[in-house]
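Enquirer: Structure file work_17.pdb, PDB, C-alpha atoms, is pasted below:
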MODEL        1
ATOM      1  CA  MET Y   1      -4.161  58.145   1.481
ATOM      2  CA  ASP Y   2      -4.674  56.080   4.643
ATOM      3  CA  ARG Y   3      -7.835  56.228   6.719
ATOM      4  CA  TYR Y   4      -6.071  57.744   9.744
ATOM      5  CA  THR Y   5      -4.766  60.714   7.754
ATOM      6  CA  ASN Y   6      -8.186  61.197   6.140
ATOM      7  CA  GLU Y   7      -9.774  61.356   9.590
ATOM      8  CA  CYS Y   8      -7.228  63.947  10.673
ATOM      9  CA  ILE Y   9      -7.871  66.019   7.560
ATOM     10  CA  ASP Y  10     -11.609  65.935   8.246
ATOM     11  CA  GLY Y  11     -10.997  66.910  11.869
ATOM     12  CA  ALA Y  12      -8.872  69.894  10.859
ATOM     13  CA  LYS Y  13     -11.382  70.953   8.208
ATOM     14  CA  ASP Y  14     -14.117  70.962  10.829
ATOM     15  CA  ILE Y  15     -12.069  73.276  13.046
ATOM     16  CA  ILE Y  16     -11.437  75.624  10.121
ATOM     17  CA  GLN Y  17     -15.018  75.650   8.843
ATOM     18  CA  LYS Y  18     -16.587  76.361  12.231
ATOM     19  CA  GLN Y  19     -14.447  79.457  12.670
ATOM     20  CA  LEU Y  20     -14.665  80.763   9.115
ATOM     21  CA  SER Y  21     -18.444  80.359   9.070
ATOM     22  CA  LYS Y  22     -18.655  82.629  12.138
ATOM     23  CA  ASN Y  23     -15.861  84.913  10.911
ATOM     24  CA  ARG Y  24     -14.004  84.751  14.226
ATOM     25  CA  ILE Y  25     -11.247  82.813  15.969
ATOM     26  CA  HIS Y  26     -12.438  80.719  18.891
ATOM     27  CA  LEU Y  27     -11.966  77.475  20.790
ATOM     28  CA  PHE Y  28     -14.560  74.742  20.871
ATOM     29  CA  GLY Y  29     -14.944  71.044  21.433
ATOM     30  CA  ILE Y  30     -14.211  68.670  24.276
ATOM     31  CA  ARG Y  31     -10.803  68.667  25.973
ATOM     32  CA  PHE Y  32      -8.757  65.559  25.139
ATOM     33  CA  SER Y  33     -10.817  64.871  22.043
ATOM     34  CA  GLU Y  34      -9.003  63.570  18.974
ATOM     35  CA  PHE Y  35      -9.054  66.779  16.931
ATOM     36  CA  GLN Y  36      -8.320  70.093  18.616
ATOM     37  CA  LYS Y  37      -6.323  73.238  18.172
ATOM     38  CA  SER Y  38      -2.743  72.874  19.389
ATOM     39  CA  TYR Y  39      -0.146  75.250  20.815
ATOM     40  CA  PHE Y  40       2.314  76.609  18.267
ATOM     41  CA  TRP Y  41       4.972  77.095  20.961
ATOM     42  CA  THR Y  42       5.448  75.503  24.346
ATOM     43  CA  ASN Y  43       4.445  77.741  27.249
ATOM     44  CA  GLU Y  44       6.968  75.933  29.485
ATOM     45  CA  ASN Y  45      10.502  77.226  29.983
ATOM     46  CA  ILE Y  46      12.053  74.038  28.622
ATOM     47  CA  LYS Y  47      15.345  75.817  28.063
ATOM     48  CA  GLU Y  48      15.788  76.330  31.811
ATOM     49  CA  TYR Y  49      14.448  73.111  33.309
ATOM     50  CA  PHE Y  50      16.375  70.888  30.887
ATOM     51  CA  LYS Y  51      19.489  72.020  32.777
ATOM     52  CA  LEU Y  52      18.222  70.002  35.761
ATOM     53  CA  LEU Y  53      17.933  66.725  33.856
ATOM     54  CA  ASP Y  54      21.565  65.783  33.195
ATOM     55  CA  LEU Y  55      20.866  64.832  29.573
ATOM     56  CA  LYS Y  56      24.500  64.391  28.483
ATOM     57  CA  TYR Y  57      24.427  60.590  28.340
ATOM     58  CA  LYS Y  58      20.708  60.107  27.654
ATOM     59  CA  GLN Y  59      19.828  58.426  24.346
ATOM     60  CA  SER Y  60      16.069  57.802  24.252
ATOM     61  CA  ALA Y  61      12.924  59.601  25.345
ATOM     62  CA  LEU Y  62       9.169  59.320  25.586
ATOM     63  CA  SER Y  63       7.407  62.670  25.399
ATOM     64  CA  VAL Y  64       4.055  64.308  24.953
ATOM     65  CA  MET Y  65       3.908  65.775  21.444
ATOM     66  CA  ALA Y  66       1.950  69.008  22.092
ATOM     67  CA  SER Y  67       3.662  71.813  20.110
ATOM     68  CA  GLY Y  68       6.590  69.558  19.223
ATOM     69  CA  ASP Y  69       9.003  71.715  21.205
ATOM     70  CA  HIS Y  70       9.754  69.015  23.776
ATOM     71  CA  THR Y  71      10.862  66.765  20.926
ATOM     72  CA  PHE Y  72      12.900  69.423  19.135
ATOM     73  CA  ASN Y  73      14.664  70.429  22.351
ATOM     74  CA  LEU Y  74      15.530  66.784  23.055
ATOM     75  CA  ILE Y  75      16.977  66.409  19.565
ATOM     76  CA  THR Y  76      19.078  69.542  20.058
ATOM     77  CA  TYR Y  77      20.583  67.806  23.102
ATOM     78  CA  GLY Y  78      21.458  64.799  20.926
ATOM     79  CA  ILE Y  79      18.631  62.482  22.022
ATOM     80  CA  LEU Y  80      17.661  60.965  18.688
ATOM     81  CA  ASN Y  81      15.313  58.073  19.547
ATOM     82  CA  ILE Y  82      12.026  59.600  20.610
ATOM     83  CA  ASP Y  83       8.540  58.155  20.930
ATOM     84  CA  THR Y  84       5.778  60.731  21.309
ATOM     85  CA  PHE Y  85       2.103  60.610  22.257
ATOM     86  CA  ASP Y  86      -0.898  62.881  22.541
ATOM     87  CA  THR Y  87      -4.675  62.717  22.838
ATOM     88  CA  ASN Y  88      -4.856  65.239  19.991
ATOM     89  CA  LYS Y  89      -4.067  63.462  16.721
ATOM     90  CA  LEU Y  90      -3.469  66.741  14.909
ATOM     91  CA  THR Y  91      -0.337  67.509  16.946
ATOM     92  CA  GLU Y  92       1.600  65.010  14.837
ATOM     93  CA  TYR Y  93       0.703  66.816  11.600
ATOM     94  CA  PHE Y  94       1.328  70.237  13.106
ATOM     95  CA  ALA Y  95       4.694  69.470  14.738
ATOM     96  CA  LEU Y  96       6.231  66.811  12.491
ATOM     97  CA  GLY Y  97       4.600  68.264   9.394
ATOM     98  CA  LEU Y  98       4.586  72.064   9.409
ATOM     99  CA  LYS Y  99       7.070  73.031  12.148
ATOM    100  CA  LYS Y 100       9.659  70.430  11.206
ATOM    101  CA  ALA Y 101       9.439  71.545   7.557
ATOM    102  CA  MET Y 102       9.998  75.160   8.628
ATOM    103  CA  ILE Y 103      13.137  74.140  10.512
ATOM    104  CA  LEU Y 104      14.467  72.083   7.614
ATOM    105  CA  LYS Y 105      13.888  74.785   5.009
ATOM    106  CA  TYR Y 106      14.913  77.979   6.776
ATOM    107  CA  ASN Y 107      18.139  79.117   8.381
ATOM    108  CA  TYR Y 108      18.018  80.605  11.868
ATOM    109  CA  GLN Y 109      17.289  84.225  11.010
ATOM    110  CA  ASP Y 110      14.883  83.339   8.198
ATOM    111  CA  PHE Y 111      12.995  81.052  10.605
ATOM    112  CA  ILE Y 112      12.619  83.882  13.125
ATOM    113  CA  ASN Y 113      11.567  86.298  10.391
ATOM    114  CA  LEU Y 114       9.068  83.843   8.939
ATOM    115  CA  TYR Y 115       7.478  83.131  12.296
ATOM    116  CA  THR Y 116       7.200  86.857  13.047
ATOM    117  CA  LYS Y 117       5.473  87.268   9.704
ATOM    118  CA  ILE Y 118       2.959  84.420   9.931
ATOM    119  CA  SER Y 119       2.077  85.228  13.547
ATOM    120  CA  THR Y 120       0.624  88.576  12.494
ATOM    121  CA  LYS Y 121      -3.166  88.377  12.384
ATOM    122  CA  GLU Y 122      -3.321  91.002   9.662
ATOM    123  CA  ILE Y 123      -1.252  89.073   7.109
ATOM    124  CA  ASP Y 124      -3.125  88.186   3.936
ATOM    125  CA  ASN Y 125      -4.119  84.545   4.257
ATOM    126  CA  ASN Y 126      -3.292  83.810   0.610
ATOM    127  CA  GLU Y 127       0.303  84.599   1.536
ATOM    128  CA  ILE Y 128       0.075  82.143   4.464
ATOM    129  CA  LEU Y 129      -1.223  79.438   2.136
ATOM    130  CA  GLU Y 130       1.596  80.122  -0.323
ATOM    131  CA  ILE Y 131       4.200  79.878   2.454
ATOM    132  CA  ILE Y 132       2.811  76.504   3.580
ATOM    133  CA  PHE Y 133       2.636  75.296  -0.023
ATOM    134  CA  ASP Y 134       6.347  76.056  -0.404
ATOM    135  CA  LEU Y 135       7.034  73.900   2.668
ATOM    136  CA  LEU Y 136       5.391  70.779   1.212
ATOM    137  CA  PRO Y 137       8.608  69.367  -0.358
ATOM    138  CA  TYR Y 138      10.204  69.317   3.113
ATOM    139  CA  MET Y 139       7.491  67.095   4.592
ATOM    140  CA  ASP Y 140       7.086  63.324   4.737
ATOM    141  CA  GLU Y 141       4.374  62.096   2.386
ATOM    142  CA  LYS Y 142       1.453  61.808   4.814
ATOM    143  CA  TYR Y 143       2.086  65.289   6.207
ATOM    144  CA  ARG Y 144       2.395  66.650   2.691
ATOM    145  CA  LEU Y 145      -0.973  65.118   1.760
ATOM    146  CA  PHE Y 146      -2.542  66.537   4.916
ATOM    147  CA  TRP Y 147      -1.327  70.093   4.389
ATOM    148  CA  LYS Y 148      -2.105  70.104   0.656
ATOM    149  CA  GLU Y 149      -5.717  69.214   1.484
ATOM    150  CA  ILE Y 150      -5.836  71.879   4.216
ATOM    151  CA  ILE Y 151      -4.452  74.562   1.882
ATOM    152  CA  ASP Y 152      -7.046  73.773  -0.812
ATOM    153  CA  TYR Y 153      -9.927  73.554   1.650
ATOM    154  CA  THR Y 154      -9.033  76.789   3.434
ATOM    155  CA  TYR Y 155      -8.839  78.705   0.171
ATOM    156  CA  LYS Y 156     -12.273  77.437  -0.922
ATOM    157  CA  CYS Y 157     -13.784  78.140   2.497
ATOM    158  CA  GLN Y 158     -12.455  81.658   2.622
ATOM    159  CA  CYS Y 159     -13.859  82.370  -0.815
ATOM    160  CA  GLU Y 160     -17.224  80.986   0.290
ATOM    161  CA  TYR Y 161     -17.389  82.953   3.558
ATOM    162  CA  ASP Y 162     -15.559  86.016   2.170
ATOM    163  CA  ASN Y 163     -13.094  86.457   5.027
ATOM    164  CA  ASN Y 164      -9.345  86.419   5.443
ATOM    165  CA  ILE Y 165      -8.548  84.898   8.842
ATOM    166  CA  ASN Y 166      -4.954  83.745   9.259
ATOM    167  CA  LEU Y 167      -4.856  79.924   8.974
ATOM    168  CA  ILE Y 168      -2.240  79.745  11.733
ATOM    169  CA  TYR Y 169      -4.756  81.284  14.146
ATOM    170  CA  LEU Y 170      -7.476  78.923  12.925
ATOM    171  CA  LEU Y 171      -5.416  75.856  13.882
ATOM    172  CA  TYR Y 172      -3.122  77.012  16.684
ATOM    173  CA  MET Y 173      -3.079  78.645  20.109
ATOM    174  CA  GLY Y 174      -0.138  80.233  21.951
ATOM    175  CA  ILE Y 175       1.244  82.192  19.007
ATOM    176  CA  ARG Y 176       2.985  84.925  21.031
ATOM    177  CA  ASN Y 177       6.536  85.816  19.983
ATOM    178  CA  GLU Y 178       8.025  85.738  23.493
ATOM    179  CA  LEU Y 179       7.305  82.011  23.785
ATOM    180  CA  ILE Y 180      10.153  81.430  21.324
ATOM    181  CA  LYS Y 181      12.522  82.189  24.210
ATOM    182  CA  ASN Y 182      11.485  78.983  26.031
ATOM    183  CA  ASN Y 183      13.412  76.784  23.593
ATOM    184  CA  ASN Y 184      17.111  75.939  23.674
ATOM    185  CA  TYR Y 185      17.128  75.335  19.902
ATOM    186  CA  LEU Y 186      16.204  78.971  19.293
ATOM    187  CA  GLN Y 187      18.632  80.582  21.737
ATOM    188  CA  ASP Y 188      21.219  81.136  19.007
ATOM    189  CA  GLU Y 189      22.188  80.146  15.471
ATOM    190  CA  GLU Y 190      24.568  77.415  16.630
ATOM    191  CA  SER Y 191      21.840  75.624  18.622
ATOM    192  CA  TYR Y 192      19.388  75.934  15.744
ATOM    193  CA  ASN Y 193      21.879  74.446  13.289
ATOM    194  CA  LEU Y 194      22.549  71.609  15.717
ATOM    195  CA  LEU Y 195      18.841  70.778  15.681
ATOM    196  CA  ARG Y 196      18.692  70.941  11.876
ATOM    197  CA  ASN Y 197      21.663  68.601  11.558
ATOM    198  CA  ASN Y 198      20.309  66.160  14.130
ATOM    199  CA  LEU Y 199      16.808  66.054  12.610
ATOM    200  CA  GLY Y 200      18.041  63.995   9.693
ATOM    201  CA  LYS Y 201      19.393  61.354  12.084
ATOM    202  CA  ALA Y 202      16.478  61.353  14.525
ATOM    203  CA  ASN Y 203      13.947  58.536  14.804
ATOM    204  CA  ILE Y 204      10.643  60.118  15.897
ATOM    205  CA  ASN Y 205       7.434  58.125  16.280
ATOM    206  CA  PHE Y 206       3.949  59.277  17.260
ATOM    207  CA  LYS Y 207       1.118  57.346  18.912
ATOM    208  CA  TYR Y 208      -2.378  58.478  19.758
ATOM    209  CA  ALA Y 209      -2.442  57.693  23.472
ATOM    210  CA  ASN Y 210      -3.555  58.938  26.879
ATOM    211  CA  ALA Y 211      -0.800  59.582  29.426
ATOM    212  CA  LEU Y 212      -2.814  57.674  32.013
ATOM    213  CA  ASN Y 213      -2.138  54.436  30.094
ATOM    214  CA  LEU Y 214       1.476  54.844  28.970
ATOM    215  CA  ASN Y 215       2.607  51.575  30.520
ATOM    216  CA  ARG Y 216       0.060  49.729  28.362
ATOM    217  CA  GLU Y 217       0.650  51.760  25.199
ATOM    218  CA  PHE Y 218       4.459  51.526  25.137
ATOM    219  CA  SER Y 219       6.816  48.629  25.792
ATOM    220  CA  SER Y 220      10.250  50.162  25.188
ATOM    221  CA  LYS Y 221      12.564  51.543  27.858
ATOM    222  CA  TYR Y 222      13.549  55.215  27.904
ATOM    223  CA  ASP Y 223      16.079  57.459  29.600
ATOM    224  CA  VAL Y 224      13.710  60.439  29.779
ATOM    225  CA  LEU Y 225       9.942  60.855  30.083
ATOM    226  CA  LEU Y 226       8.347  64.290  29.625
ATOM    227  CA  LEU Y 227       4.736  64.726  30.791
ATOM    228  CA  SER Y 228       4.389  68.525  30.602
ATOM    229  CA  ASN Y 229       1.426  69.646  32.751
ATOM    230  CA  ILE Y 230      -0.780  66.675  31.860
ATOM    231  CA  LEU Y 231      -1.338  65.761  35.513
ATOM    232  CA  ASP Y 232      -3.329  68.984  35.922
ATOM    233  CA  TYR Y 233      -6.070  67.153  34.031
ATOM    234  CA  PHE Y 234      -5.983  63.800  35.806
ATOM    235  CA  TYR Y 235      -9.003  64.872  37.866
ATOM    236  CA  SER Y 236     -11.023  64.110  34.731
ATOM    237  CA  PHE Y 237     -10.216  60.441  35.308
ATOM    238  CA  LEU Y 238      -9.455  60.248  39.042
ATOM    239  CA  GLY Y 239     -12.017  62.760  40.318
ATOM    240  CA  ASN Y 240     -11.552  65.998  42.243
ATOM    241  CA  ASN Y 241      -9.188  65.962  45.228
ATOM    242  CA  TRP Y 242      -7.346  62.869  44.051
ATOM    243  CA  GLU Y 243      -4.612  61.940  46.507
ATOM    244  CA  TYR Y 244      -0.899  61.226  46.797
ATOM    245  CA  TYR Y 245      -1.266  57.462  46.913
ATOM    246  CA  GLU Y 246      -2.873  57.669  43.453
ATOM    247  CA  LEU Y 247       0.130  59.623  42.202
ATOM    248  CA  GLN Y 248       2.442  56.966  43.650
ATOM    249  CA  GLU Y 249       0.461  54.228  41.923
ATOM    250  CA  TYR Y 250       0.791  56.096  38.632
ATOM    251  CA  GLU Y 251       4.515  56.610  39.169
ATOM    252  CA  SER Y 252       5.029  52.898  39.826
ATOM    253  CA  ARG Y 253       3.414  52.122  36.467
ATOM    254  CA  ILE Y 254       5.369  54.599  34.355
ATOM    255  CA  GLU Y 255       8.662  53.780  36.099
ATOM    256  CA  GLN Y 256       8.473  50.440  34.305
ATOM    257  CA  LEU Y 257       9.248  52.374  31.128
ATOM    258  CA  ILE Y 258      12.369  54.088  32.462
ATOM    259  CA  ASN Y 259      15.960  52.840  32.442
ATOM    260  CA  ASN Y 260      18.088  52.973  35.565
ATOM    261  CA  ASN Y 261      19.385  56.510  36.148
ATOM    262  CA  GLY Y 262      16.573  57.825  33.979
ATOM    263  CA  VAL Y 263      14.435  60.818  34.848
ATOM    264  CA  ILE Y 264      10.708  61.582  34.653
ATOM    265  CA  VAL Y 265       9.609  65.187  34.290
ATOM    266  CA  LEU Y 266       6.482  64.395  36.202
ATOM    267  CA  HIS Y 267       4.792  67.759  36.150
ATOM    268  CA  TYR Y 268       5.278  71.341  34.999
ATOM    269  CA  ILE Y 269       3.540  73.770  37.361
ATOM    270  CA  MET Y 270       2.265  76.969  35.763
ATOM    271  CA  MET Y 271       2.376  80.099  37.951
ATOM    272  CA  PHE Y 272       3.817  78.193  40.901
ATOM    273  CA  GLY Y 273       4.638  81.294  42.919
ATOM    274  CA  SER Y 274       6.088  84.783  43.253
ATOM    275  CA  SER Y 275       8.447  86.630  45.576
ATOM    276  CA  ARG Y 276       5.631  86.801  48.148
ATOM    277  CA  PHE Y 277       3.794  83.531  47.624
ATOM    278  CA  THR Y 278       4.371  79.906  46.655
ATOM    279  CA  SER Y 279       1.385  77.698  45.976
ATOM    280  CA  ASP Y 280       0.970  74.634  48.165
ATOM    281  CA  LYS Y 281      -1.125  72.956  45.468
ATOM    282  CA  LEU Y 282       0.863  71.035  42.879
ATOM    283  CA  PHE Y 283      -1.874  69.739  40.559
ATOM    284  CA  ASP Y 284      -5.189  71.286  39.586
ATOM    285  CA  ASN Y 285      -8.190  69.831  41.427
ATOM    286  CA  SER Y 286      -5.979  67.549  43.502
ATOM    287  CA  GLY Y 287      -5.563  67.255  47.245
ATOM    288  CA  ILE Y 288      -1.792  66.746  46.945
ATOM    289  CA  VAL Y 289       0.458  69.351  48.573
ATOM    290  CA  LYS Y 290       4.235  69.699  48.564
ATOM    291  CA  ASP Y 291       4.633  68.193  52.044
ATOM    292  CA  ASP Y 292       3.028  64.957  50.802
ATOM    293  CA  LEU Y 293       5.938  64.232  48.489
ATOM    294  CA  THR Y 294       8.545  61.694  49.562
ATOM    295  CA  ASP Y 295      11.111  61.064  46.804
ATOM    296  CA  GLU Y 296      10.035  63.570  44.165
ATOM    297  CA  GLU Y 297      12.044  66.773  43.619
ATOM    298  CA  VAL Y 298      10.459  70.221  43.240
ATOM    299  CA  TYR Y 299      12.274  73.181  41.654
ATOM    300  CA  LYS Y 300      11.412  76.755  40.747
ATOM    301  CA  VAL Y 301      11.559  77.647  37.040
ATOM    302  CA  ASN Y 302      11.833  81.259  35.874
ATOM    303  CA  ARG Y 303       9.331  82.478  33.315
ATOM    304  CA  LYS Y 304      10.528  84.168  30.136
ATOM    305  CA  ASP Y 305       7.477  86.444  29.961
ATOM    306  CA  SER Y 306       7.494  87.692  33.566
ATOM    307  CA  ASN Y 307       9.917  88.503  36.373
ATOM    308  CA  LYS Y 308       7.120  88.747  38.931
ATOM    309  CA  VAL Y 309       6.067  85.103  39.014
ATOM    310  CA  TYR Y 310       7.783  81.764  38.441
ATOM    311  CA  ASP Y 311       6.760  78.265  37.374
ATOM    312  CA  GLY Y 312       7.773  74.968  38.954
ATOM    313  CA  ILE Y 313       8.881  71.480  37.974
ATOM    314  CA  ILE Y 314       8.489  68.119  39.695
ATOM    315  CA  LEU Y 315      11.073  65.462  38.844
ATOM    316  CA  LYS Y 316      11.181  61.773  39.648
ATOM    317  CA  ARG Y 317      14.577  60.123  39.241
ATOM    318  CA  VAL Y 318      14.680  56.370  38.667
ATOM    319  CA  LYS Y 319      17.567  54.581  40.405
TER
ENDMDL
END
Represent the structure contained in this file as structure tokens.
Expert:
Amino acid sequence: MDRYTNECIDGAKDIIQKQLSKNRIHLFGIRFSEFQKSYFWTNENIKEYFKLLDLKYKQSALSVMASGDHTFNLITYGILNIDTFDTNKLTEYFALGLKKAMILKYNYQDFINLYTKISTKEIDNNEILEIIFDLLPYMDEKYRLFWKEIIDYTYKCQCEYDNNINLIYLLYMGIRNELIKNNNYLQDEESYNLLRNNLGKANINFKYANALNLNREFSSKYDVLLLSNILDYFYSFLGNNWEYYELQEYESRIEQLINNNGVIVLHYIMMFGSSRFTSDKLFDNSGIVKDDLTDEEVYKVNRKDSNKVYDGIILKRVK
């Protein structure tokens, strides 16, 4: 087993042990550290905003890994060459290990049923471990080694601390059923089967990298770049009230990675507005307002879990 995978196993074990020893589910650690809990589902309405991207003739993408849903939605659209990145190394093992194996093994209805089952906090954790064990043959070798170690360690830990906390809740956040609706690959059986068929042809790579340095970390050219809501956290590097000229400087760097007629999903805005109010702020802890923008496009995005508020999306098209 390589050193990188061993480090990821140790990082995941630490997350598990800290919760089992206290007999409760909780978050801890420093944001953007190498080993953190990850979202099981995207909390963005990818299904809706992908309609704005004109993906029909796009062939390659660079995307944050996160829950893996950005990648799986791209593959459903036929984009099969995808480089991914994240500051959380565990996202690779969660998305390309466990979730990908679930998709490969189960048909559409069985996938929905399985997720409904494992997302229940009350399920016996030995059953969770058995389900994951049965997924091992559908994983690439390094993900199989990772999850085998995690299964064994969790079982021993739960015996030691005499508790039965669902492993999915120990490692993941955002496990609500309604978040399934945000994905085009889960809208119907036909879309799900399209993803399953395309997965075998897809070339997916992962790199541990910070979005701030993408132009230094990657050298290929892409048709699509997906940044999720990462820019909400740029104040950690640029300071509070960072300004529009700093956004333009960042855009000029990442545009080097985009082919002509490509598109950058620059920012997903959570809780952008409602029928009575639209926020003027586009990024957390930034001084940038909508009127500052020059050639970026801003759209409303409906939320699947609420009809009272909506999200937003900022696009940058590369000519």
Enquirer: Measuring between all atoms listed in the file, which one of Y:Ile123, Y:Ala209, Y:Ile204, Y:Ile46 shows the shortest distance to Leu186 (chain Y)?
Expert: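 Once distances to Leu186 (chain Y) are computed over all atoms listed in the file, the minimum belongs to Y:Ile46.
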Enquirer: Running the PyMOL selection byres ((chain Y and resi 249-256) around 12) on this model by hand, what would come out? Give it as a ChimeraX atom specification.
Expert: /Y:62,211-227,231,234,238,242-248,257-267,295-296,315-319
Enquirer: Would you export the selected residues with C-alpha atoms as a PDB file, keeping the file's coordinate frame, please?
Expert:
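The resulting file, out.pdb, is shown below:
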ATOM      1  CA  LEU Y  62       9.169  59.320  25.586  1.00  0.00           C
ATOM      2  CA  ALA Y 211      -0.800  59.582  29.426  1.00  0.00           C
ATOM      3  CA  LEU Y 212      -2.814  57.674  32.013  1.00  0.00           C
ATOM      4  CA  ASN Y 213      -2.138  54.436  30.094  1.00  0.00           C
ATOM      5  CA  LEU Y 214       1.476  54.844  28.970  1.00  0.00           C
ATOM      6  CA  ASN Y 215       2.607  51.575  30.520  1.00  0.00           C
ATOM      7  CA  ARG Y 216       0.060  49.729  28.362  1.00  0.00           C
ATOM      8  CA  GLU Y 217       0.650  51.760  25.199  1.00  0.00           C
ATOM      9  CA  PHE Y 218       4.459  51.526  25.137  1.00  0.00           C
ATOM     10  CA  SER Y 219       6.816  48.629  25.792  1.00  0.00           C
ATOM     11  CA  SER Y 220      10.250  50.162  25.188  1.00  0.00           C
ATOM     12  CA  LYS Y 221      12.564  51.543  27.858  1.00  0.00           C
ATOM     13  CA  TYR Y 222      13.549  55.215  27.904  1.00  0.00           C
ATOM     14  CA  ASP Y 223      16.079  57.459  29.600  1.00  0.00           C
ATOM     15  CA  VAL Y 224      13.710  60.439  29.779  1.00  0.00           C
ATOM     16  CA  LEU Y 225       9.942  60.855  30.083  1.00  0.00           C
ATOM     17  CA  LEU Y 226       8.347  64.290  29.625  1.00  0.00           C
ATOM     18  CA  LEU Y 227       4.736  64.726  30.791  1.00  0.00           C
ATOM     19  CA  LEU Y 231      -1.338  65.761  35.513  1.00  0.00           C
ATOM     20  CA  PHE Y 234      -5.983  63.800  35.806  1.00  0.00           C
ATOM     21  CA  LEU Y 238      -9.455  60.248  39.042  1.00  0.00           C
ATOM     22  CA  TRP Y 242      -7.346  62.869  44.051  1.00  0.00           C
ATOM     23  CA  GLU Y 243      -4.612  61.940  46.507  1.00  0.00           C
ATOM     24  CA  TYR Y 244      -0.899  61.226  46.797  1.00  0.00           C
ATOM     25  CA  TYR Y 245      -1.266  57.462  46.913  1.00  0.00           C
ATOM     26  CA  GLU Y 246      -2.873  57.669  43.453  1.00  0.00           C
ATOM     27  CA  LEU Y 247       0.130  59.623  42.202  1.00  0.00           C
ATOM     28  CA  GLN Y 248       2.442  56.966  43.650  1.00  0.00           C
ATOM     29  CA  LEU Y 257       9.248  52.374  31.128  1.00  0.00           C
ATOM     30  CA  ILE Y 258      12.369  54.088  32.462  1.00  0.00           C
ATOM     31  CA  ASN Y 259      15.960  52.840  32.442  1.00  0.00           C
ATOM     32  CA  ASN Y 260      18.088  52.973  35.565  1.00  0.00           C
ATOM     33  CA  ASN Y 261      19.385  56.510  36.148  1.00  0.00           C
ATOM     34  CA  GLY Y 262      16.573  57.825  33.979  1.00  0.00           C
ATOM     35  CA  VAL Y 263      14.435  60.818  34.848  1.00  0.00           C
ATOM     36  CA  ILE Y 264      10.708  61.582  34.653  1.00  0.00           C
ATOM     37  CA  VAL Y 265       9.609  65.187  34.290  1.00  0.00           C
ATOM     38  CA  LEU Y 266       6.482  64.395  36.202  1.00  0.00           C
ATOM     39  CA  HIS Y 267       4.792  67.759  36.150  1.00  0.00           C
ATOM     40  CA  ASP Y 295      11.111  61.064  46.804  1.00  0.00           C
ATOM     41  CA  GLU Y 296      10.035  63.570  44.165  1.00  0.00           C
ATOM     42  CA  LEU Y 315      11.073  65.462  38.844  1.00  0.00           C
ATOM     43  CA  LYS Y 316      11.181  61.773  39.648  1.00  0.00           C
ATOM     44  CA  ARG Y 317      14.577  60.123  39.241  1.00  0.00           C
ATOM     45  CA  VAL Y 318      14.680  56.370  38.667  1.00  0.00           C
ATOM     46  CA  LYS Y 319      17.567  54.581  40.405  1.00  0.00           C
TER      47      LYS Y 319
END
Enquirer: Which polymer residues have any atom within 8 Å of an atom of Tyr299 (chain Y), counting only C-alpha atoms, with same-chain residues fewer than 6 positions away left out, as a PyMOL selection string?
Expert: chain Y and resi 312-314
Enquirer: Have a look at Y:Ile103, Y:Ile25, Y:Cys159, Y:Val64 and name the one nearest to Asn229 (chain Y); count all atoms listed in the file.
Expert: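 Smallest separation from Asn229 (chain Y) among the options: Y:Val64.
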Enquirer: I need the residue nearest Thr71 (chain Y) from this list: Y:Asn205, Y:Asn197, Y:Asn163, Y:Gln36. Use all atoms listed in the file for the distance.
Expert: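 Checking each candidate against Thr71 (chain Y), we get Y:Asn205 as the closest.
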Enquirer: Name all residues at most 9 Å from Ala12 (chain Y) (count only C-alpha atoms; drop same-chain ones fewer than 2 positions away) and give them as a PyMOL selection string.
Expert: chain Y and resi 7-10+14-17+35-37+90+150+171
Enquirer: Find the residues near region 127-129 of chain Y: any atom within 10 Å, counting all atoms listed in the file, skip ones fewer than 2 places away on the same chain, and give them as an MDAnalysis selection string.
Expert: chainID Y and resid 117:119 123:125 131:135 147:148 150:152 154:155 166:168
Enquirer: Please measure the separation of CA of Tyr235 (chain Y) and CA of Asn210 (chain Y), giving the value in Å to one decimal.
Expert: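 Answer for the CA of Tyr235 (chain Y) to CA of Asn210 (chain Y) separation: 13.6 Å.
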Enquirer: Applying the PyMOL selection byres ((chain Y and resi 106) around 12) to the file I just gave you, which residues come out? Please list them as JSON, numbers by chain.
Expert: {"Y": [99, 100, 101, 102, 103, 104, 105, 107, 108, 109, 110, 111, 112, 113, 114, 115, 131, 134, 135, 138, 189, 192, 193, 196]}
Enquirer: Create the file for the chosen residues now, containing C-alpha atoms and written as a short mmCIF file (atom, residue, chain, number, x, y, z; two decimals), keeping the file's coordinate frame.
Expert:
data_model
loop_
_atom_site.label_atom_id
_atom_site.label_comp_id
_atom_site.auth_asym_id
_atom_site.auth_seq_id
_atom_site.Cartn_x
_atom_site.Cartn_y
_atom_site.Cartn_z
CA LYS Y 99 7.07 73.03 12.15
CA LYS Y 100 9.66 70.43 11.21
CA ALA Y 101 9.44 71.54 7.56
CA MET Y 102 10.00 75.16 8.63
CA ILE Y 103 13.14 74.14 10.51
CA LEU Y 104 14.47 72.08 7.61
CA LYS Y 105 13.89 74.78 5.01
CA ASN Y 107 18.14 79.12 8.38
CA TYR Y 108 18.02 80.60 11.87
CA GLN Y 109 17.29 84.22 11.01
CA ASP Y 110 14.88 83.34 8.20
CA PHE Y 111 13.00 81.05 10.60
CA ILE Y 112 12.62 83.88 13.12
CA ASN Y 113 11.57 86.30 10.39
CA LEU Y 114 9.07 83.84 8.94
CA TYR Y 115 7.48 83.13 12.30
CA ILE Y 131 4.20 79.88 2.45
CA ASP Y 134 6.35 76.06 -0.40
CA LEU Y 135 7.03 73.90 2.67
CA TYR Y 138 10.20 69.32 3.11
CA GLU Y 189 22.19 80.15 15.47
CA TYR Y 192 19.39 75.93 15.74
CA ASN Y 193 21.88 74.45 13.29
CA ARG Y 196 18.69 70.94 11.88
#
